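Taking it in order: structure first as structure tokens, then the write-up.
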Amino acid sequence: MAATARNTDLLARNAQVLRSRINRYGIMGLVIALLTIVTASLVASLQITGEITLEGILYARQHNFTLRILDFLPFAFAFWGQYTSTLMAYQASALIVEQTDDLRAETTEWKRKSLHDATHDILTGLPNRVLFYDRLRQELLVAGRENRRIAVLFIDLDGFKKINDAFGHDQGDLVLKEVTARLRRSGSGTQTVARMGGDEFAVLLTETATVDEAREWARGARRMLESPFTLSRGPAESSVSIGIAYFPDHGSDPDTLIQRSEAAMIAARGRHDGVAVYANELDADNPRRVTLLGDLRRAIEQDLLDLHYQPKVDLRTQEVVSVEALMRWSHPTFGRVSPGEFITLAEGSRLIRPLTQWSINRAARDLEQWQKDGLTLGMAINFSARTLDDPKLPDLLARPMSVLGENPERLTLEVTESSIMEDPRRTIEILRRLKAMKFRLSIDDFGTGYSSLAYLSKLPVSEMKIDKSFVMNMKQNKDDRTIVKATIDLGHNLGLCVVAEGVETADVLHLLKEDGCDIAQGYFISPPLANLDFLAWLRESPWKPKRLRPLEAAKPSITSPF
Ligand code: C2E
Ligand code: MG
Ligand code: MG
């Protein structure tokens with residue numbers, strides 16, 4: 001409404017401006033016409049009577065036909081001025097109306113598209129994890145009221161990775177599209193099919209009254225999905241595992257139902273028919289997992305996690321240019337739980353969002369304090385691919401954005417190569433949006449994710465981190481050294497800053513410098529340290545902090561490790 005009023009206002013103002021400008025031209029024409037009449041009368045009087053007198057002018061005006069005609073000139077100009085101004089104002093109005101309509105249509109389309117993109121998978125067009133949760137939540141409300149049962153099916157293509165590796169990502173994409181088409185064909189209208197990530201799909205059946213019916217549906221879908229896919233380089237097949245969880249038997253909220261259908265899917269992998277219905281024993285197999293998930297939720301809420309910082313140093317200037325933030329969790333019973341374990345757990349549930357939010361806020365808080373103390377360092381935060389799916393991603397980054405102000409590029413977001421390659425097209429799109437927000441992006445654990453060079457060159461990243469498994473042994477293992485060297489060259493050819501992680505010895509550090517690596521990170525320089533320990537390390541370390549005003553004065557003389 002407000003926009004329409006604004007547009008109408010704009011239109012009226014533009015029409016006014018045009019009309020008054022044309023009127024001015026009309027008035028100028030009028031003046032010229034009057035001057036012409038006066039001059040012509042004077043000349044005619046001079047010609048006819050030989051002098052310029054009032055009688056002469058009157059006489060000439062009475063007897064000269066041309067002068068009479070000239071008398072019509074002001075009317076013609078006035079009419080012309082008025083006519084053209086009206087015409088142009090009308091045309092301008094029509095143009096503005098047309099443009100406003102176009103703009104309105106574009107805005108509506110853009111809004112629709114961005115909502116669609118945030119809730120749908122780009123490759124297959126299916127609802128994504130976010131929308132699936134939402135639909136499931138709504139269906140649960142209705143089913144609860146109507147006393148109905150709902151089945152959640154979790155589907156995994158066990159052999160998809162092999163198809164991707166053997167046939168290439170483009171062919172892998174075709175397989176995912178074909179799976180989508182087959183899943184759509186395999187059911188009635190009472191289902192929602194969603195892509196949960198990589199090769200995982202979920203189906204929501206709202207009208208299967210018994211477990212047997214759902215199991216039968218799953219077997220039929222599995223038969224369809226396991227028939228060969230026709231690819232350009234020959235046929236390909238993948239085995240399929242399907243897990244089923246039921247409302248209200250196995251849970252009454254989306255988190256629990258999806259988690260349990262996934263647990264059933266894992267159990268289904270070992271069965272000959274590839275289908276399993278959730279049973280409590282599945283969780284009993286893994287009590288640690290269930291306990292950890294519950295405790296992790298509490299740990300986030302009660303701020304019981306910690307962030308440790310590991311420096312990244314510039315091999316040319318020997319400066320600490322930034323730090324990588326790594327999450328730490330000390331569990332009251334299990335002791336230190338590795339991020340590998342609890343982050344994977346969180347990724348399987350919706351805890352990954354609050355967990356990521358926690359790490360971003362803590363990193364922003366520490367960064368702000370360092371800035372106040374005169375320490376200007378870059379900060380790298382690890383980002384799970386699951387978080388990239390979050391439509392509210394920009395909100396998650398609001399706090400570091402305000403802390404960094406004019407320098408958002410001081411925040412690097414590390415995303416692992418393998419998670420990018422799970423769904424490269426969608427990820428590239430999201431990374432582009434983050435890049436537009438001016439954050440630096442980095443491909444983490446490079447060398448473990450089977451990137452295709454075609455995608456690699458399209459990634460809007462600034463940094464490539466060579467996985468530590470190649471770096472750690474590059475002194476002893478010639479193949480690793482060759483891989484590291486080739487990766488450094490590849491990174492440089494793509495215009496990227498190359499970081500080596502897992503630098504454990506001085507020898508490896510020297511080799512990396514020799515091979516032209518830009519940045520190094522590893523236990524040899526420093527392990528990840530708690531905030532205060534890191535600041536203490538920085539004071540004592542032979543590596544110069546990039547800019548550390550108050551601490552610098554107190555620092556002893558710096559000796560280079562080279
Ligand atoms: P990453 O991002 O590749 O982090 C580097 C890992 O290598 C860290 O393990 C670090 O402690 C370890 N590391 C560093 N230098 C050396 C070295 O010289 N030798 C060896 N052997 N290891 C070294 P960490 O802290 O256990 O983290 C494991 C992974 O968990 C990280 O790998 C990252 O992918 C993930 N992670 C950690 N914190 C977060 C987080 O806040 N959010 C997300 N999404 N993922 C995180
Ligand atoms: Mg990392
Ligand atoms: Mg890494």
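Following the order of the structure tokens, first chain is A, next is B, and so on, with residues numbered from 1 inside each chain and ligands from 1 in the order they appear.
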
Neighbour list for Asp199 of chain A as a PDB file with N, CA, C and O atoms, in the first residue's frame, cut-off 8 Å, only C-alpha atoms, skip fewer than 3 positions in-chain:
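Okay, this is what ended up in around24.pdb:
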```
ATOM      1  N   ASP A 156      18.996 -43.479   2.057  1.00  0.00           N
ATOM      2  CA  ASP A 156      20.397 -43.178   1.765  1.00  0.00           C
ATOM      3  C   ASP A 156      20.861 -44.029   0.586  1.00  0.00           C
ATOM      4  O   ASP A 156      20.590 -45.230   0.539  1.00  0.00           O
ATOM      5  N   LEU A 157      21.531 -43.403  -0.378  1.00  0.00           N
ATOM      6  CA  LEU A 157      22.084 -44.169  -1.511  1.00  0.00           C
ATOM      7  C   LEU A 157      23.491 -44.605  -1.110  1.00  0.00           C
ATOM      8  O   LEU A 157      24.410 -43.789  -1.091  1.00  0.00           O
ATOM      9  N   PHE A 160      26.431 -44.003  -3.757  1.00  0.00           N
ATOM     10  CA  PHE A 160      26.457 -42.761  -4.532  1.00  0.00           C
ATOM     11  C   PHE A 160      27.870 -42.171  -4.657  1.00  0.00           C
ATOM     12  O   PHE A 160      28.279 -41.696  -5.708  1.00  0.00           O
ATOM     13  N   LEU A 176      21.065 -38.057  -8.984  1.00  0.00           N
ATOM     14  CA  LEU A 176      20.207 -37.458  -7.944  1.00  0.00           C
ATOM     15  C   LEU A 176      18.884 -36.970  -8.540  1.00  0.00           C
ATOM     16  O   LEU A 176      17.822 -37.098  -7.927  1.00  0.00           O
ATOM     17  N   ARG A 195      15.134 -33.496  -0.051  1.00  0.00           N
ATOM     18  CA  ARG A 195      16.546 -33.885  -0.083  1.00  0.00           C
ATOM     19  C   ARG A 195      17.197 -33.327   1.185  1.00  0.00           C
ATOM     20  O   ARG A 195      17.179 -32.117   1.419  1.00  0.00           O
ATOM     21  N   MET A 196      17.752 -34.223   1.997  1.00  0.00           N
ATOM     22  CA  MET A 196      18.269 -33.818   3.301  1.00  0.00           C
ATOM     23  C   MET A 196      19.724 -33.374   3.217  1.00  0.00           C
ATOM     24  O   MET A 196      20.281 -32.814   4.143  1.00  0.00           O
ATOM     25  N   GLU A 422      29.557 -32.248  -1.480  1.00  0.00           N
ATOM     26  CA  GLU A 422      28.309 -33.007  -1.311  1.00  0.00           C
ATOM     27  C   GLU A 422      27.239 -32.470  -2.256  1.00  0.00           C
ATOM     28  O   GLU A 422      26.432 -33.209  -2.793  1.00  0.00           O
TER      29      GLU A 422
END
```

How close does each residue of chain A get to ligand 3, giving the shortest atom pair and distance in Å to one decimal for every residue with an atom at most 6 Å away, counting only C-alpha atoms and all ligand atoms, sorted by chain and residue number, as a Markdown table?
```
| residue | atom | partner | partner_atom_place_in_ligand_line | distance |
| --- | --- | --- | --- | --- |
| A:Asp444 | CA | ligand 3 | 1 (Mg) | 4.8 |
| A:Asp445 | CA | ligand 3 | 1 (Mg) | 4.1 |
| A:Asp467 | CA | ligand 3 | 1 (Mg) | 5.6 |
```

_Residues near segment 446-459 of chain A, cut-off 6 Å, only C-alpha atoms, skip fewer than 4 positions along chain, as a ChimeraX atom specification_ = /A:417-418,428,465-467

*asked:* Neighbours of ligand 1 at 9 Å or closer, counting only C-alpha atoms and all ligand atoms: which residues, as a count of residues only?
replied: 53

*asked:* Which residues are close to segment 143-151 of chain A, i.e. within 7 Å by only C-alpha atoms, leaving aside same-chain residues fewer than 4 positions away? Reply as a list of chain:residue names.
replied: A:Glu139, A:Leu204, A:Leu205, A:Thr206, A:Glu207, A:Thr208, A:Ala209, A:Ala214, A:Ile244, A:Ala245, A:Tyr246, A:Phe247, A:Pro248

Expected file contents, prior selection, all heavy atoms, as a short mmCIF file (atom, residue, chain, number, x, y, z; two decimals), in the first residue's frame:
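Output (out.cif):
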```
data_model
loop_
_atom_site.label_atom_id
_atom_site.label_comp_id
_atom_site.auth_asym_id
_atom_site.auth_seq_id
_atom_site.Cartn_x
_atom_site.Cartn_y
_atom_site.Cartn_z
N GLU A 139 2.34 -31.33 9.91
CA GLU A 139 1.61 -32.59 9.80
C GLU A 139 1.41 -33.22 11.17
O GLU A 139 0.40 -33.84 11.45
CB GLU A 139 2.36 -33.57 8.89
CG GLU A 139 2.30 -33.22 7.41
CD GLU A 139 0.87 -33.29 6.85
OE1 GLU A 139 -0.01 -33.90 7.49
OE2 GLU A 139 0.63 -32.70 5.78
N LEU A 204 7.85 -38.24 3.78
CA LEU A 204 6.86 -38.15 4.84
C LEU A 204 5.58 -38.78 4.31
O LEU A 204 5.04 -38.32 3.30
CB LEU A 204 6.65 -36.66 5.13
CG LEU A 204 5.63 -36.25 6.15
CD1 LEU A 204 6.01 -36.80 7.50
CD2 LEU A 204 5.59 -34.72 6.21
N LEU A 205 5.14 -39.88 4.95
CA LEU A 205 3.90 -40.53 4.51
C LEU A 205 2.83 -40.22 5.54
O LEU A 205 2.99 -40.52 6.72
CB LEU A 205 4.10 -42.05 4.41
CG LEU A 205 5.13 -42.54 3.38
CD1 LEU A 205 5.24 -44.06 3.44
CD2 LEU A 205 4.74 -42.10 1.98
N THR A 206 1.76 -39.62 5.08
CA THR A 206 0.74 -39.18 6.05
C THR A 206 -0.46 -40.12 6.10
O THR A 206 -1.33 -39.96 6.93
CB THR A 206 0.26 -37.76 5.72
OG1 THR A 206 -0.09 -37.72 4.35
CG2 THR A 206 1.31 -36.74 6.01
N GLU A 207 -0.50 -41.05 5.14
CA GLU A 207 -1.68 -41.92 5.16
C GLU A 207 -1.34 -43.40 5.15
O GLU A 207 -1.97 -44.19 4.46
CB GLU A 207 -2.60 -41.56 3.99
CG GLU A 207 -3.39 -40.32 4.35
CD GLU A 207 -4.43 -39.94 3.33
OE1 GLU A 207 -4.70 -40.77 2.45
OE2 GLU A 207 -4.94 -38.83 3.45
N THR A 208 -0.30 -43.76 5.88
CA THR A 208 0.03 -45.18 6.01
C THR A 208 -0.31 -45.56 7.44
O THR A 208 0.40 -45.19 8.38
CB THR A 208 1.51 -45.45 5.73
OG1 THR A 208 2.24 -44.42 6.36
CG2 THR A 208 1.82 -45.50 4.26
N ALA A 209 -1.39 -46.31 7.59
CA ALA A 209 -1.91 -46.54 8.94
C ALA A 209 -1.08 -47.54 9.73
O ALA A 209 -0.96 -47.43 10.95
CB ALA A 209 -3.35 -47.02 8.86
N ALA A 214 3.97 -48.98 5.61
CA ALA A 214 5.14 -48.12 5.37
C ALA A 214 6.32 -48.98 4.89
O ALA A 214 7.06 -48.59 3.99
CB ALA A 214 5.52 -47.39 6.64
N ILE A 244 12.73 -46.30 8.94
CA ILE A 244 11.39 -45.76 9.16
C ILE A 244 11.17 -45.46 10.65
O ILE A 244 11.54 -46.26 11.50
CB ILE A 244 10.32 -46.79 8.72
CG1 ILE A 244 10.57 -47.22 7.27
CG2 ILE A 244 8.91 -46.24 8.88
CD1 ILE A 244 9.70 -48.38 6.80
N ALA A 245 10.61 -44.30 10.93
CA ALA A 245 10.19 -44.00 12.31
C ALA A 245 8.75 -43.50 12.24
O ALA A 245 8.36 -42.82 11.27
CB ALA A 245 11.08 -42.95 12.93
N TYR A 246 7.97 -43.86 13.26
CA TYR A 246 6.54 -43.57 13.26
C TYR A 246 6.14 -42.57 14.34
O TYR A 246 6.67 -42.62 15.45
CB TYR A 246 5.77 -44.87 13.55
CG TYR A 246 5.03 -45.38 12.35
CD1 TYR A 246 5.56 -46.36 11.56
CD2 TYR A 246 3.80 -44.82 12.02
CE1 TYR A 246 4.89 -46.81 10.44
CE2 TYR A 246 3.12 -45.26 10.90
CZ TYR A 246 3.67 -46.26 10.12
OH TYR A 246 2.99 -46.69 9.02
N PHE A 247 5.22 -41.69 13.98
CA PHE A 247 4.53 -40.88 14.99
C PHE A 247 3.21 -41.59 15.31
O PHE A 247 2.53 -42.02 14.38
CB PHE A 247 4.24 -39.48 14.45
CG PHE A 247 3.22 -38.72 15.26
CD1 PHE A 247 3.59 -38.08 16.44
CD2 PHE A 247 1.88 -38.68 14.87
CE1 PHE A 247 2.65 -37.40 17.20
CE2 PHE A 247 0.94 -38.00 15.62
CZ PHE A 247 1.32 -37.36 16.79
N PRO A 248 2.80 -41.80 16.51
CA PRO A 248 3.41 -41.29 17.76
C PRO A 248 4.34 -42.32 18.43
O PRO A 248 4.93 -42.01 19.45
CB PRO A 248 2.18 -41.03 18.64
CG PRO A 248 1.18 -42.06 18.20
CD PRO A 248 1.44 -42.34 16.75
#
```

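Of the residues listed (A:Asp395, A:Asp366, A:Asp518, A:Asp101), A:Asp366 shows the shortest atom-to-atom separation from Phe534 of chain A; distances use only C-alpha atoms.
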
*Which of segment 99-154 of chain A counts as strand (DSSP E) under DSSP, as a ChimeraX atom specification please?*
/A:150-154

Write the residues you've just listed into a file as a tab-separated table (two decimals), in the first residue's frame, and include N, CA, C and O atoms for each of them.
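And here's part-v6.tsv as it stands now:
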```tsv
chain	number	residue	atom	x	y	z
A	150	ILE	N	1.87	-41.10	11.41
A	150	ILE	CA	2.68	-40.55	10.30
A	150	ILE	C	3.98	-41.34	10.25
A	150	ILE	O	4.56	-41.66	11.29
A	151	ALA	N	4.45	-41.63	9.04
A	151	ALA	CA	5.74	-42.34	8.92
A	151	ALA	C	6.78	-41.40	8.31
A	151	ALA	O	6.48	-40.69	7.35
A	152	VAL	N	7.97	-41.39	8.93
A	152	VAL	CA	9.09	-40.64	8.36
A	152	VAL	C	10.09	-41.66	7.84
A	152	VAL	O	10.51	-42.55	8.57
A	153	LEU	N	10.44	-41.56	6.56
A	153	LEU	CA	11.39	-42.51	5.96
A	153	LEU	C	12.68	-41.78	5.64
A	153	LEU	O	12.65	-40.68	5.04
A	154	PHE	N	13.79	-42.34	6.03
A	154	PHE	CA	15.10	-41.75	5.73
A	154	PHE	C	15.79	-42.66	4.71
A	154	PHE	O	15.95	-43.85	4.94
```

Using DSSP on the backbone coordinates, identify the residues of segment 184-404 of chain A assigned to helix (DSSP H, G or I); present them as a CSV table (one decimal) with C-alpha atoms, in the first residue's frame.
```csv
chain,number,residue,atom,x,y,z
A,184,ARG,CA,8.0,-38.7,-7.0
A,185,ARG,CA,6.6,-41.4,-9.2
A,211,VAL,CA,4.0,-50.2,10.0
A,212,ASP,CA,3.6,-52.9,7.5
A,213,GLU,CA,2.2,-50.5,4.9
A,214,ALA,CA,5.1,-48.1,5.4
A,215,ARG,CA,7.6,-51.0,5.1
A,216,GLU,CA,5.8,-52.2,1.9
A,217,TRP,CA,6.1,-48.6,0.5
A,218,ALA,CA,9.8,-48.5,1.4
A,219,ARG,CA,10.5,-51.9,-0.3
A,220,GLY,CA,8.7,-50.7,-3.5
A,221,ALA,CA,10.7,-47.5,-3.5
A,222,ARG,CA,13.9,-49.3,-2.9
A,223,ARG,CA,13.3,-51.7,-5.8
A,224,MET,CA,12.7,-48.7,-8.1
A,225,LEU,CA,15.8,-46.8,-6.8
A,226,GLU,CA,18.1,-49.8,-7.2
A,254,PRO,CA,10.4,-33.5,14.1
A,255,ASP,CA,14.0,-33.8,15.7
A,256,THR,CA,13.3,-37.1,17.3
A,257,LEU,CA,11.5,-38.6,14.4
A,258,ILE,CA,14.1,-37.6,11.9
A,259,GLN,CA,17.0,-38.7,14.1
A,260,ARG,CA,15.3,-42.1,14.7
A,261,SER,CA,14.5,-42.7,11.1
A,262,GLU,CA,18.2,-42.0,10.4
A,263,ALA,CA,19.2,-44.5,13.1
A,264,ALA,CA,16.9,-47.0,11.5
A,265,MET,CA,18.5,-46.3,8.1
A,266,ILE,CA,22.0,-47.1,9.5
A,267,ALA,CA,20.6,-50.3,11.0
A,268,ALA,CA,19.0,-51.1,7.6
A,280,ASN,CA,14.4,-48.8,21.0
A,281,GLU,CA,17.4,-51.2,20.8
A,282,LEU,CA,18.9,-49.1,18.0
A,283,ASP,CA,19.4,-46.3,20.6
A,284,ALA,CA,20.4,-48.8,23.2
A,287,PRO,CA,23.7,-44.8,24.6
A,288,ARG,CA,26.7,-42.5,24.4
A,289,ARG,CA,25.3,-40.9,21.3
A,290,VAL,CA,21.9,-40.2,22.9
A,291,THR,CA,23.5,-38.9,26.2
A,292,LEU,CA,25.9,-36.7,24.3
A,293,LEU,CA,23.1,-35.1,22.3
A,294,GLY,CA,21.1,-34.2,25.3
A,295,ASP,CA,24.1,-33.0,27.2
A,296,LEU,CA,25.3,-30.9,24.3
A,297,ARG,CA,22.1,-29.1,24.1
A,298,ARG,CA,22.5,-28.2,27.8
A,299,ALA,CA,26.2,-27.3,27.4
A,300,ILE,CA,25.3,-24.8,24.6
A,301,GLU,CA,22.5,-23.3,26.7
A,339,PRO,CA,34.8,-31.9,18.0
A,340,GLY,CA,34.8,-34.5,15.3
A,341,GLU,CA,32.4,-36.5,17.4
A,342,PHE,CA,30.1,-33.9,18.9
A,343,ILE,CA,29.9,-31.7,15.8
A,344,THR,CA,29.0,-34.7,13.6
A,345,LEU,CA,26.3,-35.5,16.2
A,346,ALA,CA,25.0,-31.9,16.1
A,347,GLU,CA,25.0,-31.9,12.3
A,352,ILE,CA,24.1,-27.5,14.7
A,353,ARG,CA,22.5,-24.1,14.4
A,354,PRO,CA,22.7,-23.1,18.1
A,355,LEU,CA,26.2,-24.7,18.2
A,356,THR,CA,27.4,-22.6,15.3
A,357,GLN,CA,25.7,-19.5,16.7
A,358,TRP,CA,27.5,-20.1,20.0
A,359,SER,CA,30.9,-20.4,18.3
A,360,ILE,CA,30.4,-17.3,16.2
A,361,ASN,CA,29.3,-15.2,19.2
A,362,ARG,CA,32.1,-16.4,21.4
A,363,ALA,CA,34.7,-15.7,18.6
A,364,ALA,CA,33.2,-12.3,18.0
A,365,ARG,CA,33.3,-11.5,21.8
A,366,ASP,CA,37.0,-12.5,22.0
A,367,LEU,CA,37.8,-10.7,18.8
A,368,GLU,CA,36.2,-7.5,20.2
A,369,GLN,CA,38.2,-7.8,23.4
A,370,TRP,CA,41.5,-8.3,21.4
A,371,GLN,CA,40.6,-5.3,19.3
A,372,LYS,CA,40.1,-3.2,22.4
A,385,ALA,CA,27.8,-27.5,5.5
A,386,ARG,CA,24.6,-28.1,7.3
A,387,THR,CA,24.7,-24.5,8.6
A,388,LEU,CA,25.1,-23.2,5.0
A,393,LEU,CA,22.7,-17.5,7.9
A,394,PRO,CA,23.1,-13.7,7.7
A,395,ASP,CA,21.5,-13.4,11.2
A,396,LEU,CA,24.1,-15.8,12.6
A,398,ALA,CA,25.3,-10.3,12.6
A,399,ARG,CA,27.5,-10.0,15.7
A,400,PRO,CA,30.9,-10.5,14.0
A,401,MET,CA,29.7,-8.1,11.3
A,402,SER,CA,29.1,-5.4,13.9
A,403,VAL,CA,32.4,-6.1,15.6
A,404,LEU,CA,34.4,-6.1,12.4
```

*Select, from A:Leu397, A:Pro311, A:Trp329, A:Gly335, the residue with the minimum atom-to-atom distance to ligand 2, counting only C-alpha atoms and all ligand atoms.*
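Using only C-alpha atoms and all ligand atoms, the shortest distance to ligand 2 belongs to A:Pro311.
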
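Computed from the coordinates, the atom CA of Lys513 of chain A to atom CA of Gly378 of chain A distance equals 21.3 Å.
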